[in-house]
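The next block holds one structure in the form of structure tokens; read it before the comments.
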Amino acid sequence: MQSQKQHPPTYSFEFFPPNTDEGAEKLVITARELAELKPKFFSVTYGAGGSTQARTLKAVLDLRAAGHAAAPHVSCIGSTRAGLRDTLQLYKDNKIKHLVALRGDLPSGTASAGEFHYANELVTFIRQEFGNHFFIEVAAYPEYHPQAKSALDDLNNFKRKVEAGADSAITQYFYNADGYYHFIEQCEKMGITIPIVPGIMPIGRFSQLARFSDACGAEIPRWIRKKLEGYSDDTDSIRAFGLDVVTRLCENLLKAGAPGLHFYTMNQSTLTTAICTRLGL
Ligand code: FAD
């Protein structure tokens with residue numbers, strides 16, 4: 001784990017692109033509040049479909065105009081080489097040098113994956129077409145990707161992304177630090193040396209967290225699930241408990257040598273700020 005350590009550790013915050021003008025204005029305020037914590041960058045997710053993709057670029061440009069470092073996510077499933085080349089060129093033309101490169105998921109009902117099947121192909125494509133212009137982050141799954149045939153298969157597929165030219169990785173969120181430590185040990189044994197930054201999901205609403213976790217295969221440990229279920233609609237207790245759990249997780253990760261933390265903010269500053277304040281950032 002110590003091989004992962006960075007001095008000082010880096011912090012980054014993830015947003016999704018707002019779909020209204022009001023949401024866009026609010027995001028700039030949220031980013032201003034979170035900027036007090038001196039993050040390395042903000043990232044903005046990328047959805048399937050042209051309109052959400054345009055919103056990703058707009059959100060990134062809004063963040064940049066407000067003086068923040070920002071990185072768009074880009075996904076490849078369902079895309080063509082020509083379409084992706086245009087998107088990446090647009091990013092380059094807008095002086096964007098930092099990307100989070102993903103496979104993405106096909107919207108239900110979509111028949112064809114398109115010209116790309118996996119994120120390693122996207123990373124290879126970016127390096128072929130744009131050389132070292134972009135700093136490329138990729139996704140990692142300490143609890144393994146839900147579609148992976150086996151744990152070893154998933155690790156080998158992660159390695160493919162690194163060998164294709166990824167500079168750094170951000171993990172799916174998790175609440176069990178041991179899974180992350182084990183994943184890092186496996187990566188070290190395979191000669192993977194890029195930083196693998198834990199993704200952190202603050203706990204705000206149980207129903208939403210349970211839905212996300214079911215969809216992305218992130219485990220909510222039974223003791224946490226039981227406690228959250230027991231609080232029912234008592235939002236204050238959920239938040240207080242969630243802050244304790246997630247702050248302790250972050251403390252343990254940093255103490256063990258995690259290179260930084262990437263927060264899934266859900267476009268809200270309150271919980272992320274509270275955790276970072278408790279961490280003494
Ligand atoms: P991959 O690395 O391609 O892996 C997907 C699956 O295929 C895994 O099971 C893997 O083992 C397997 N695999 C990989 N390569 C191969 C290969 N060459 N041959 C055979 N099997 C292979 N989704 C979005 O739509 N937009 C976003 O903005 C977004 N942001 C994200 C940010 C982070 C930090 C994370 C962790 C996830 C994000 N996602 C996003 C979700 C992500 O798109 C999904 O988890 C998706 O299912 C997998 O994407 P990936 O890039 O990890 O895929």
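FYI, nothing fancy with the structure tokens labels: chains A, B, ... in order, residues from 1 per chain, ligands from 1 as they appear.
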Legend entry - Lys58 in chain A surroundings by only C-alpha atoms, 12 Å radius, close-in-sequence under 2 positions cut, as a VMD selection string: chain A and resid 16 to 21 24 to 25 27 to 28 44 to 46 51 to 56 60 to 65 70 to 72 90 to 91 94
Cut-off 8 Å: closest chain A/ligand 1 atom pairs per residue, using only C-alpha atoms and all ligand atoms, as JSON lines:
{"residue": "A:Phe16", "atom": "CA", "partner": "ligand 1", "partner_atom_place_in_ligand_line": "28 (O)", "distance": 7.7}
{"residue": "A:Val44", "atom": "CA", "partner": "ligand 1", "partner_atom_place_in_ligand_line": "28 (O)", "distance": 6.7}
{"residue": "A:Thr45", "atom": "CA", "partner": "ligand 1", "partner_atom_place_in_ligand_line": "28 (O)", "distance": 3.2}
{"residue": "A:Tyr46", "atom": "CA", "partner": "ligand 1", "partner_atom_place_in_ligand_line": "28 (O)", "distance": 3.9}
{"residue": "A:Gly47", "atom": "CA", "partner": "ligand 1", "partner_atom_place_in_ligand_line": "25 (O)", "distance": 5.0}
{"residue": "A:Ala48", "atom": "CA", "partner": "ligand 1", "partner_atom_place_in_ligand_line": "25 (O)", "distance": 6.4}
{"residue": "A:Pro72", "atom": "CA", "partner": "ligand 1", "partner_atom_place_in_ligand_line": "28 (O)", "distance": 7.8}
{"residue": "A:His73", "atom": "CA", "partner": "ligand 1", "partner_atom_place_in_ligand_line": "28 (O)", "distance": 4.8}
{"residue": "A:Val74", "atom": "CA", "partner": "ligand 1", "partner_atom_place_in_ligand_line": "28 (O)", "distance": 6.3}
{"residue": "A:Ser75", "atom": "CA", "partner": "ligand 1", "partner_atom_place_in_ligand_line": "26 (N)", "distance": 6.0}
{"residue": "A:Val100", "atom": "CA", "partner": "ligand 1", "partner_atom_place_in_ligand_line": "32 (C)", "distance": 7.0}
{"residue": "A:Ala101", "atom": "CA", "partner": "ligand 1", "partner_atom_place_in_ligand_line": "51 (O)", "distance": 6.4}
{"residue": "A:Leu102", "atom": "CA", "partner": "ligand 1", "partner_atom_place_in_ligand_line": "51 (O)", "distance": 3.3}
{"residue": "A:Arg103", "atom": "CA", "partner": "ligand 1", "partner_atom_place_in_ligand_line": "51 (O)", "distance": 3.8}
{"residue": "A:Gly104", "atom": "CA", "partner": "ligand 1", "partner_atom_place_in_ligand_line": "43 (O)", "distance": 3.0}
{"residue": "A:Asp105", "atom": "CA", "partner": "ligand 1", "partner_atom_place_in_ligand_line": "47 (O)", "distance": 5.0}
{"residue": "A:His117", "atom": "CA", "partner": "ligand 1", "partner_atom_place_in_ligand_line": "3 (O)", "distance": 6.8}
{"residue": "A:Tyr118", "atom": "CA", "partner": "ligand 1", "partner_atom_place_in_ligand_line": "3 (O)", "distance": 3.4}
{"residue": "A:Ala119", "atom": "CA", "partner": "ligand 1", "partner_atom_place_in_ligand_line": "3 (O)", "distance": 3.8}
{"residue": "A:Asn120", "atom": "CA", "partner": "ligand 1", "partner_atom_place_in_ligand_line": "15 (N)", "distance": 6.0}
{"residue": "A:Glu121", "atom": "CA", "partner": "ligand 1", "partner_atom_place_in_ligand_line": "18 (N)", "distance": 7.4}
{"residue": "A:Val138", "atom": "CA", "partner": "ligand 1", "partner_atom_place_in_ligand_line": "51 (O)", "distance": 6.3}
{"residue": "A:Ala139", "atom": "CA", "partner": "ligand 1", "partner_atom_place_in_ligand_line": "36 (C)", "distance": 4.3}
{"residue": "A:Ala140", "atom": "CA", "partner": "ligand 1", "partner_atom_place_in_ligand_line": "36 (C)", "distance": 5.8}
{"residue": "A:Tyr141", "atom": "CA", "partner": "ligand 1", "partner_atom_place_in_ligand_line": "36 (C)", "distance": 6.7}
{"residue": "A:Tyr144", "atom": "CA", "partner": "ligand 1", "partner_atom_place_in_ligand_line": "9 (O)", "distance": 7.5}
{"residue": "A:His145", "atom": "CA", "partner": "ligand 1", "partner_atom_place_in_ligand_line": "9 (O)", "distance": 4.7}
{"residue": "A:Pro146", "atom": "CA", "partner": "ligand 1", "partner_atom_place_in_ligand_line": "9 (O)", "distance": 6.1}
{"residue": "A:Gln147", "atom": "CA", "partner": "ligand 1", "partner_atom_place_in_ligand_line": "9 (O)", "distance": 4.2}
{"residue": "A:Ala148", "atom": "CA", "partner": "ligand 1", "partner_atom_place_in_ligand_line": "9 (O)", "distance": 3.4}
{"residue": "A:Lys149", "atom": "CA", "partner": "ligand 1", "partner_atom_place_in_ligand_line": "9 (O)", "distance": 6.9}
{"residue": "A:Ser150", "atom": "CA", "partner": "ligand 1", "partner_atom_place_in_ligand_line": "11 (O)", "distance": 7.9}
{"residue": "A:Asp153", "atom": "CA", "partner": "ligand 1", "partner_atom_place_in_ligand_line": "11 (O)", "distance": 5.9}
{"residue": "A:Asp154", "atom": "CA", "partner": "ligand 1", "partner_atom_place_in_ligand_line": "11 (O)", "distance": 3.7}
{"residue": "A:Leu155", "atom": "CA", "partner": "ligand 1", "partner_atom_place_in_ligand_line": "11 (O)", "distance": 7.1}
{"residue": "A:Asn156", "atom": "CA", "partner": "ligand 1", "partner_atom_place_in_ligand_line": "11 (O)", "distance": 7.6}
{"residue": "A:Asn157", "atom": "CA", "partner": "ligand 1", "partner_atom_place_in_ligand_line": "15 (N)", "distance": 4.6}
{"residue": "A:Phe158", "atom": "CA", "partner": "ligand 1", "partner_atom_place_in_ligand_line": "2 (O)", "distance": 6.1}
{"residue": "A:Arg160", "atom": "CA", "partner": "ligand 1", "partner_atom_place_in_ligand_line": "18 (N)", "distance": 7.0}
{"residue": "A:Lys161", "atom": "CA", "partner": "ligand 1", "partner_atom_place_in_ligand_line": "2 (O)", "distance": 6.9}
{"residue": "A:Ala169", "atom": "CA", "partner": "ligand 1", "partner_atom_place_in_ligand_line": "34 (C)", "distance": 7.5}
{"residue": "A:Ile170", "atom": "CA", "partner": "ligand 1", "partner_atom_place_in_ligand_line": "34 (C)", "distance": 4.7}
{"residue": "A:Thr171", "atom": "CA", "partner": "ligand 1", "partner_atom_place_in_ligand_line": "36 (C)", "distance": 4.9}
{"residue": "A:Gln172", "atom": "CA", "partner": "ligand 1", "partner_atom_place_in_ligand_line": "36 (C)", "distance": 3.8}
{"residue": "A:Tyr173", "atom": "CA", "partner": "ligand 1", "partner_atom_place_in_ligand_line": "36 (C)", "distance": 7.2}
{"residue": "A:Gly199", "atom": "CA", "partner": "ligand 1", "partner_atom_place_in_ligand_line": "34 (C)", "distance": 6.6}
{"residue": "A:Cys216", "atom": "CA", "partner": "ligand 1", "partner_atom_place_in_ligand_line": "45 (O)", "distance": 6.4}
Inset, instruction - Do a neighbour search on range 219-234 of chain A at 9 Å with only C-alpha atoms, toss out local chain neighbours closer than 6 positions, and write the hits as a PyMOL selection string. - result: chain A and resi 143+173-176+205-207+209-210+213+241-242+245
Inset, instruction - Run DSSP on the backbone and grab whatever in range 33-106 of chain A lands in strand (DSSP E or B); send it over as a list in words. - result: Phe41, Phe42, Ser43, Val44, Ala70, Ala71, Pro72, His73, Val74, Ser75, His98, Leu99, Val100, Ala101 and Leu102 of chain A
Hey, could you make a per-residue contact list for range 115-210 of chain A against range 265-270 of chain A with 9 Å as the cut-off, showing the nearest pair of atoms and its distance in Å to one decimal, counting only C-alpha atoms, sorted by chain and number, as a tab-separated table?
residue	atom	partner	partner_atom	distance
A:Ile200	CA	A:Thr265	CA	8.7
A:Met201	CA	A:Thr265	CA	7.2
A:Pro202	CA	A:Thr265	CA	7.3
Inset, instruction - Rank nothing, just name the residue among A:Arg239, A:Phe116, A:Ser12, A:Ala218 nearest to Leu37 in chain A, using only C-alpha atoms. - result: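 That would be A:Ser12, the residue with the smallest distance to Leu37 in chain A.
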Inset, instruction - Name the closest residue to Ile29 in chain A among the candidates A:Leu57, A:Ala274, A:Ala82, A:Ala66; distances are taken between atoms, counting only C-alpha atoms. - result: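 Checking each candidate against Ile29 in chain A, we get A:Ala66 as the closest.
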Legend entry - Nearest candidate to Val123 in chain A (options A:Lys159, A:Lys26, A:Arg248, A:Lys255; using only C-alpha atoms):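 The closest residue to Val123 in chain A is A:Lys159.
DSSP annotation of range 187-231 of chain A from backbone atoms: helix (DSSP H, G or I) residues are Cys187, Glu188, Lys189, Phe206, Ser207, Gln208, Leu209, Ala210, Arg211, Phe212, Ser213, Asp214, Ala215, Cys216, Arg222, Trp223, Ile224, Arg225, Lys226, Lys227, Leu228, Glu229, Gly230 and Tyr231 of chain A.
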Put those residues in a file: C-alpha atoms, as an mmCIF file, in the first residue's frame.
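For reference, again_12.cif as written:
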data_model
loop_
_atom_site.group_PDB
_atom_site.id
_atom_site.type_symbol
_atom_site.label_atom_id
_atom_site.label_comp_id
_atom_site.auth_asym_id
_atom_site.auth_seq_id
_atom_site.Cartn_x
_atom_site.Cartn_y
_atom_site.Cartn_z
ATOM 1 C CA CYS A 187 -2.120 -4.708 -8.666
ATOM 2 C CA GLU A 188 1.333 -4.330 -7.141
ATOM 3 C CA LYS A 189 2.024 -8.020 -7.775
ATOM 4 C CA PHE A 206 -30.539 5.283 2.084
ATOM 5 C CA SER A 207 -33.004 4.533 -0.730
ATOM 6 C CA GLN A 208 -30.829 6.337 -3.279
ATOM 7 C CA LEU A 209 -27.644 4.678 -2.038
ATOM 8 C CA ALA A 210 -29.280 1.227 -2.125
ATOM 9 C CA ARG A 211 -30.470 1.821 -5.693
ATOM 10 C CA PHE A 212 -27.031 2.947 -6.902
ATOM 11 C CA SER A 213 -25.275 0.119 -5.112
ATOM 12 C CA ASP A 214 -27.559 -2.504 -6.632
ATOM 13 C CA ALA A 215 -26.950 -1.022 -10.079
ATOM 14 C CA CYS A 216 -23.164 -0.739 -9.903
ATOM 15 C CA ARG A 222 -24.859 -5.613 6.244
ATOM 16 C CA TRP A 223 -24.230 -3.711 9.481
ATOM 17 C CA ILE A 224 -24.386 -0.374 7.634
ATOM 18 C CA ARG A 225 -27.493 -1.380 5.674
ATOM 19 C CA LYS A 226 -29.272 -2.541 8.846
ATOM 20 C CA LYS A 227 -28.474 0.681 10.707
ATOM 21 C CA LEU A 228 -29.606 2.850 7.783
ATOM 22 C CA GLU A 229 -32.810 0.842 7.318
ATOM 23 C CA GLY A 230 -33.509 1.205 11.031
ATOM 24 C CA TYR A 231 -33.383 5.010 10.811
#
Legend entry - Which residue of A:Leu243, A:Leu249, A:Ile96, A:Ile238 approaches Phe41 in chain A most closely, using only C-alpha atoms: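 Among the listed residues, A:Ile96 lies closest to Phe41 in chain A.
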Legend entry - Residue contacts of Ala113 in chain A (10 Å, only C-alpha atoms) excluding same-chain residues fewer than 5 positions away, as a ChimeraX atom specification: /A:76-80,105-106,118
Inset, instruction - To one decimal in Å, tell me the separation between CA of Tyr180 in chain A and CA of Ser43 in chain A. - result: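 That distance, rounded to one decimal, is 21.8 Å.
For the choices A:Ile203, A:Met190, A:Ala177, A:Ile126, the atom-to-atom distance to Leu99 in chain A is smallest for A:Ile126 when using only C-alpha atoms.
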Legend entry - Interatomic distance (Å, one decimal) between CA of Asp244 in chain A and CA of His262 in chain A: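 Computed distance, CA of Asp244 in chain A to CA of His262 in chain A, equals 17.7 Å.
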